[in-house]
Amino acid sequence: MSRTIEAGTVKRALSAHAATGLIAGALLYLVSLTGTIAVFYAELQRIEQPNAPEMTAIAPEAVQNGVEHALKQPSGDAPTTHLYVHMPVDDLPRTTITTDNDAWHLDIDGNIAMPEEIAWSDFLVALHYTLNLPALVGITIVGILGVMMLALSLSGVVALPRIFRDAFRLRARSPGGVALADWHNRLSVWTLPFGIAIALTGALIGLATVTAYGIAANDYGGDVGAVYEPIFGGEPVGDDAPAPAPDVAAALRYMASHYPQVEPSYAILHDPLTRGQHIQIVGLHDKRLIFGEYYSFDASGKFTGTAGLSDGDWGQQAAASTYQLHFGTFGGIWVKIAYALFGAALTAVCATGTYIWLGKRRRRGFDEPKLRALWNGVVIGAPVALALSFAGRLLIGNAAPLLAIFWVSYALLIALCLARCRTRGSIV
């Protein structure tokens, strides 16, 4: 015997369904907003810590001096398994050493000048990458959001066959939600190639991690490194016996003499101070989308080969090109500015899309003032909460509780908009 579902139950179910869509839209909006700002990650570091030593180049011997000093620093609970030397490059002319436990800026002679203090810049990137969730969970969700963005971009074109013909038709002041829809559609068309590129590369970067873990668990006994080895190269067999610091200077001198057209961006030490240690130099290739090529050396600085990111199989080169294409770090400041402008437009598309959806629901008789208020809080609250967290960083210092400042203020702003929903009018 069937029972008729009460109208109130249906209405509550529809509201719950709409709220779920609102959450997905909110995450998509937040990822777009933080990605737009994160385009200037290098510049933000310089703003956040303006007194760090800067240089256009550093001698191999100075890098060696810095590495040896860093390896002598207290290592906390466990010795570092990797050490990264960020070499001075055009957009970030600083030499910085990062271990598993600490990070320091070096002066021109390779002496440790001061700790690296870029907590807000790193917080912003982590928010974009993982939404401050555990790494595997967060990056998987962000990858799924990339797939959603790609699907929305392509389905929007199919659903609106006149969208290209009307690309320059903008009824900016029309009533009834027409103006908002026009802004949404025009921005969508003007940013379509950018949106597809960002969504596709974001999905690839985000879902590659969980895919690698799945393949590793199924075929490689849980060894994730073995999954990535055909693309990024493998590592030699380890040996934990103690050994002196590796000769990073010899590796950098080899790069200067044999690959003068390649600009080193990182020197990476794997398992430092062990007999199994080895060196990788990440070399930038001019006018290429790849993030760099891995040049490998043994502990004495003897060259042992490359990973093939610059001249290997097309799949390797494509995989190495997703990062720069996604973050806009391949063409200097003007490319970054273009990415920021397109990113701002894409963020506006995310915001207006939900307003249009809520407006259509209202015109069909499903008025949702609380959902509109929540969305107002999402759209207004995110940039305000980011600004408050940055202000907290400047006022309190590098140890400021940025995660708490952002999420607590964001939640309070959304709650404030919800509390005022009865007195605030709709914007659509």
# chains A, B, ... in the order shown; residues from 1 in each chain; ligands from 1
call {"tool": "select_by_dssp", "arguments": {"residues": "stretch 43-198 of chain A", "states": "strand (DSSP E or B)", "output": "PyMOL selection string"}}
result
chain A and resi 82-86+96-98+103-106+112-115
call {"tool": "write_last_selection", "arguments": {"atoms": "N, CA, C and O atoms", "output": "PDB file, in the first residue's frame"}}
result
ATOM      1  N   HIS A  82      64.760  14.931   2.666  1.00  0.00           N
ATOM      2  CA  HIS A  82      64.951  15.719   1.448  1.00  0.00           C
ATOM      3  C   HIS A  82      65.350  17.143   1.831  1.00  0.00           C
ATOM      4  O   HIS A  82      64.888  17.671   2.850  1.00  0.00           O
ATOM      5  N   LEU A  83      66.180  17.725   1.032  1.00  0.00           N
ATOM      6  CA  LEU A  83      66.577  19.123   1.210  1.00  0.00           C
ATOM      7  C   LEU A  83      66.453  19.812  -0.142  1.00  0.00           C
ATOM      8  O   LEU A  83      66.944  19.304  -1.152  1.00  0.00           O
ATOM      9  N   TYR A  84      65.767  20.960  -0.149  1.00  0.00           N
ATOM     10  CA  TYR A  84      65.521  21.692  -1.387  1.00  0.00           C
ATOM     11  C   TYR A  84      66.215  23.048  -1.322  1.00  0.00           C
ATOM     12  O   TYR A  84      66.041  23.782  -0.352  1.00  0.00           O
ATOM     13  N   VAL A  85      66.984  23.354  -2.348  1.00  0.00           N
ATOM     14  CA  VAL A  85      67.581  24.679  -2.464  1.00  0.00           C
ATOM     15  C   VAL A  85      66.858  25.410  -3.588  1.00  0.00           C
ATOM     16  O   VAL A  85      66.981  25.031  -4.766  1.00  0.00           O
ATOM     17  N   HIS A  86      66.080  26.417  -3.232  1.00  0.00           N
ATOM     18  CA  HIS A  86      65.438  27.246  -4.253  1.00  0.00           C
ATOM     19  C   HIS A  86      66.473  28.238  -4.760  1.00  0.00           C
ATOM     20  O   HIS A  86      66.992  29.061  -4.008  1.00  0.00           O
ATOM     21  N   THR A  96      66.769  29.960  -1.026  1.00  0.00           N
ATOM     22  CA  THR A  96      66.113  29.457   0.176  1.00  0.00           C
ATOM     23  C   THR A  96      66.336  27.962   0.289  1.00  0.00           C
ATOM     24  O   THR A  96      66.214  27.232  -0.706  1.00  0.00           O
ATOM     25  N   ILE A  97      66.664  27.515   1.473  1.00  0.00           N
ATOM     26  CA  ILE A  97      66.836  26.083   1.739  1.00  0.00           C
ATOM     27  C   ILE A  97      65.672  25.603   2.595  1.00  0.00           C
ATOM     28  O   ILE A  97      65.354  26.199   3.627  1.00  0.00           O
ATOM     29  N   THR A  98      65.040  24.523   2.143  1.00  0.00           N
ATOM     30  CA  THR A  98      63.907  23.941   2.854  1.00  0.00           C
ATOM     31  C   THR A  98      64.196  22.472   3.142  1.00  0.00           C
ATOM     32  O   THR A  98      64.594  21.729   2.239  1.00  0.00           O
ATOM     33  N   ALA A 103      63.040  25.984   7.197  1.00  0.00           N
ATOM     34  CA  ALA A 103      63.387  26.683   5.956  1.00  0.00           C
ATOM     35  C   ALA A 103      64.127  27.963   6.309  1.00  0.00           C
ATOM     36  O   ALA A 103      63.766  28.651   7.277  1.00  0.00           O
ATOM     37  N   TRP A 104      65.186  28.278   5.535  1.00  0.00           N
ATOM     38  CA  TRP A 104      65.994  29.471   5.783  1.00  0.00           C
ATOM     39  C   TRP A 104      66.328  30.163   4.468  1.00  0.00           C
ATOM     40  O   TRP A 104      66.484  29.522   3.430  1.00  0.00           O
ATOM     41  N   HIS A 105      66.449  31.490   4.549  1.00  0.00           N
ATOM     42  CA  HIS A 105      66.991  32.265   3.433  1.00  0.00           C
ATOM     43  C   HIS A 105      68.506  32.356   3.574  1.00  0.00           C
ATOM     44  O   HIS A 105      69.031  32.467   4.697  1.00  0.00           O
ATOM     45  N   LEU A 106      69.202  32.313   2.434  1.00  0.00           N
ATOM     46  CA  LEU A 106      70.649  32.454   2.423  1.00  0.00           C
ATOM     47  C   LEU A 106      71.029  33.824   1.905  1.00  0.00           C
ATOM     48  O   LEU A 106      70.310  34.416   1.081  1.00  0.00           O
ATOM     49  N   ILE A 112      73.343  31.329   6.367  1.00  0.00           N
ATOM     50  CA  ILE A 112      71.939  31.392   6.769  1.00  0.00           C
ATOM     51  C   ILE A 112      71.645  32.788   7.304  1.00  0.00           C
ATOM     52  O   ILE A 112      72.236  33.222   8.295  1.00  0.00           O
ATOM     53  N   ALA A 113      70.742  33.501   6.635  1.00  0.00           N
ATOM     54  CA  ALA A 113      70.460  34.895   6.996  1.00  0.00           C
ATOM     55  C   ALA A 113      69.287  35.012   7.956  1.00  0.00           C
ATOM     56  O   ALA A 113      69.332  35.803   8.910  1.00  0.00           O
ATOM     57  N   MET A 114      68.241  34.246   7.725  1.00  0.00           N
ATOM     58  CA  MET A 114      67.028  34.330   8.556  1.00  0.00           C
ATOM     59  C   MET A 114      66.106  33.183   8.203  1.00  0.00           C
ATOM     60  O   MET A 114      66.220  32.597   7.120  1.00  0.00           O
ATOM     61  N   PRO A 115      65.183  32.842   9.096  1.00  0.00           N
ATOM     62  CA  PRO A 115      64.189  31.821   8.742  1.00  0.00           C
ATOM     63  C   PRO A 115      63.257  32.336   7.643  1.00  0.00           C
ATOM     64  O   PRO A 115      62.991  33.534   7.544  1.00  0.00           O
TER      65      PRO A 115
END
call {"tool": "residues_around", "arguments": {"residues": "stretch 202-211 of chain A", "least_positions_apart": "4", "cutoff": "12 Å", "atoms": "only C-alpha atoms", "output": "ChimeraX atom specification"}}
result
/A:28,31-32,35,128-131,135-151,194-198,215-219,224-225,227-228,318-327
call {"tool": "residues_around", "arguments": {"residues": "stretch 294-307 of chain A", "least_positions_apart": "4", "cutoff": "6 Å", "atoms": "only C-alpha atoms", "output": "PyMOL selection string"}}
result
chain A and resi 232-233+246-247+250-251+277-282
call {"tool": "residues_around", "arguments": {"residues": "A:Pro244", "least_positions_apart": "4", "cutoff": "9 Å", "atoms": "only C-alpha atoms", "output": "number ranges by chain"}}
result
A: 272-275
call {"tool": "atom_distance", "arguments": {"atom1": "atom CA of A:Trp357", "atom2": "atom CA of A:His184"}}
result
11.5 Å
call {"tool": "residues_around", "arguments": {"residues": "A:Thr34", "least_positions_apart": "2", "cutoff": "8 Å", "atoms": "only C-alpha atoms", "output": "mmCIF file with all heavy atoms, in the first residue's frame"}}
result
data_model
loop_
_atom_site.group_PDB
_atom_site.id
_atom_site.type_symbol
_atom_site.label_atom_id
_atom_site.label_comp_id
_atom_site.auth_asym_id
_atom_site.auth_seq_id
_atom_site.Cartn_x
_atom_site.Cartn_y
_atom_site.Cartn_z
ATOM 1 N N LEU A 30 35.345 29.071 -4.054
ATOM 2 C CA LEU A 30 36.516 29.273 -3.205
ATOM 3 C C LEU A 30 37.796 28.829 -3.904
ATOM 4 O O LEU A 30 38.825 29.523 -3.830
ATOM 5 C CB LEU A 30 36.341 28.498 -1.892
ATOM 6 C CG LEU A 30 37.425 28.684 -0.824
ATOM 7 C CD1 LEU A 30 37.564 30.148 -0.440
ATOM 8 C CD2 LEU A 30 37.106 27.833 0.401
ATOM 9 N N VAL A 31 37.751 27.716 -4.609
ATOM 10 C CA VAL A 31 38.926 27.248 -5.343
ATOM 11 C C VAL A 31 39.291 28.228 -6.454
ATOM 12 O O VAL A 31 40.471 28.520 -6.690
ATOM 13 C CB VAL A 31 38.674 25.834 -5.905
ATOM 14 C CG1 VAL A 31 39.758 25.436 -6.897
ATOM 15 C CG2 VAL A 31 38.626 24.816 -4.769
ATOM 16 N N SER A 32 38.290 28.766 -7.143
ATOM 17 C CA SER A 32 38.561 29.739 -8.212
ATOM 18 C C SER A 32 39.162 31.019 -7.647
ATOM 19 O O SER A 32 40.128 31.567 -8.207
ATOM 20 C CB SER A 32 37.264 30.056 -8.970
ATOM 21 O OG SER A 32 36.748 28.919 -9.600
ATOM 22 N N THR A 36 43.049 32.328 -8.284
ATOM 23 C CA THR A 36 43.322 33.627 -8.913
ATOM 24 C C THR A 36 44.380 34.404 -8.135
ATOM 25 O O THR A 36 45.304 34.979 -8.711
ATOM 26 C CB THR A 36 42.024 34.445 -9.002
ATOM 27 O OG1 THR A 36 41.073 33.724 -9.799
ATOM 28 C CG2 THR A 36 42.270 35.804 -9.619
ATOM 29 N N ILE A 37 44.257 34.406 -6.817
ATOM 30 C CA ILE A 37 45.232 35.126 -5.988
ATOM 31 C C ILE A 37 46.578 34.404 -5.979
ATOM 32 O O ILE A 37 47.639 35.033 -6.010
ATOM 33 C CB ILE A 37 44.696 35.287 -4.556
ATOM 34 C CG1 ILE A 37 43.359 36.024 -4.570
ATOM 35 C CG2 ILE A 37 45.689 36.051 -3.685
ATOM 36 C CD1 ILE A 37 42.655 36.049 -3.222
ATOM 37 N N ALA A 38 46.545 33.065 -5.969
ATOM 38 C CA ALA A 38 47.772 32.279 -5.887
ATOM 39 C C ALA A 38 48.640 32.396 -7.134
ATOM 40 O O ALA A 38 49.805 31.980 -7.113
ATOM 41 C CB ALA A 38 47.438 30.816 -5.622
ATOM 42 N N LEU A 124 47.533 30.082 1.673
ATOM 43 C CA LEU A 124 46.699 30.332 0.492
ATOM 44 C C LEU A 124 46.804 29.184 -0.499
ATOM 45 O O LEU A 124 45.783 28.696 -1.012
ATOM 46 C CB LEU A 124 47.124 31.646 -0.166
ATOM 47 C CG LEU A 124 46.412 31.995 -1.477
ATOM 48 C CD1 LEU A 124 44.961 32.369 -1.208
ATOM 49 C CD2 LEU A 124 47.134 33.138 -2.191
ATOM 50 N N VAL A 125 48.025 28.736 -0.778
ATOM 51 C CA VAL A 125 48.220 27.641 -1.731
ATOM 52 C C VAL A 125 47.610 26.349 -1.198
ATOM 53 O O VAL A 125 46.983 25.591 -1.944
ATOM 54 C CB VAL A 125 49.719 27.466 -2.033
ATOM 55 C CG1 VAL A 125 49.962 26.205 -2.849
ATOM 56 C CG2 VAL A 125 50.252 28.680 -2.786
ATOM 57 N N LEU A 127 45.074 26.128 0.816
ATOM 58 C CA LEU A 127 43.625 26.294 0.710
ATOM 59 C C LEU A 127 43.163 25.988 -0.707
ATOM 60 O O LEU A 127 42.126 25.348 -0.924
ATOM 61 C CB LEU A 127 43.233 27.718 1.114
ATOM 62 C CG LEU A 127 41.750 28.080 1.111
ATOM 63 C CD1 LEU A 127 40.954 27.151 2.026
ATOM 64 C CD2 LEU A 127 41.560 29.537 1.529
ATOM 65 N N HIS A 128 43.924 26.424 -1.694
ATOM 66 C CA HIS A 128 43.574 26.163 -3.085
ATOM 67 C C HIS A 128 43.750 24.689 -3.441
ATOM 68 O O HIS A 128 42.907 24.097 -4.118
ATOM 69 C CB HIS A 128 44.439 27.016 -4.013
ATOM 70 C CG HIS A 128 44.172 26.768 -5.467
ATOM 71 N ND1 HIS A 128 43.005 27.152 -6.087
ATOM 72 C CD2 HIS A 128 44.918 26.164 -6.429
ATOM 73 C CE1 HIS A 128 43.030 26.801 -7.359
ATOM 74 N NE2 HIS A 128 44.188 26.180 -7.592
#
call {"tool": "select_by_dssp", "arguments": {"residues": "stretch 209-363 of chain A", "states": "helix (DSSP H, G or I)", "output": "PyMOL selection string"}}
result
chain A and resi 209-219+224-232+248-258+314-327+333-363
call {"tool": "residues_around", "arguments": {"residues": "stretch 353-356 of chain A", "least_positions_apart": "2", "cutoff": "7 Å", "atoms": "only C-alpha atoms", "output": "JSON, numbers by chain"}}
result
{"A": [25, 177, 181, 184, 349, 350, 351, 358, 359, 360, 428]}
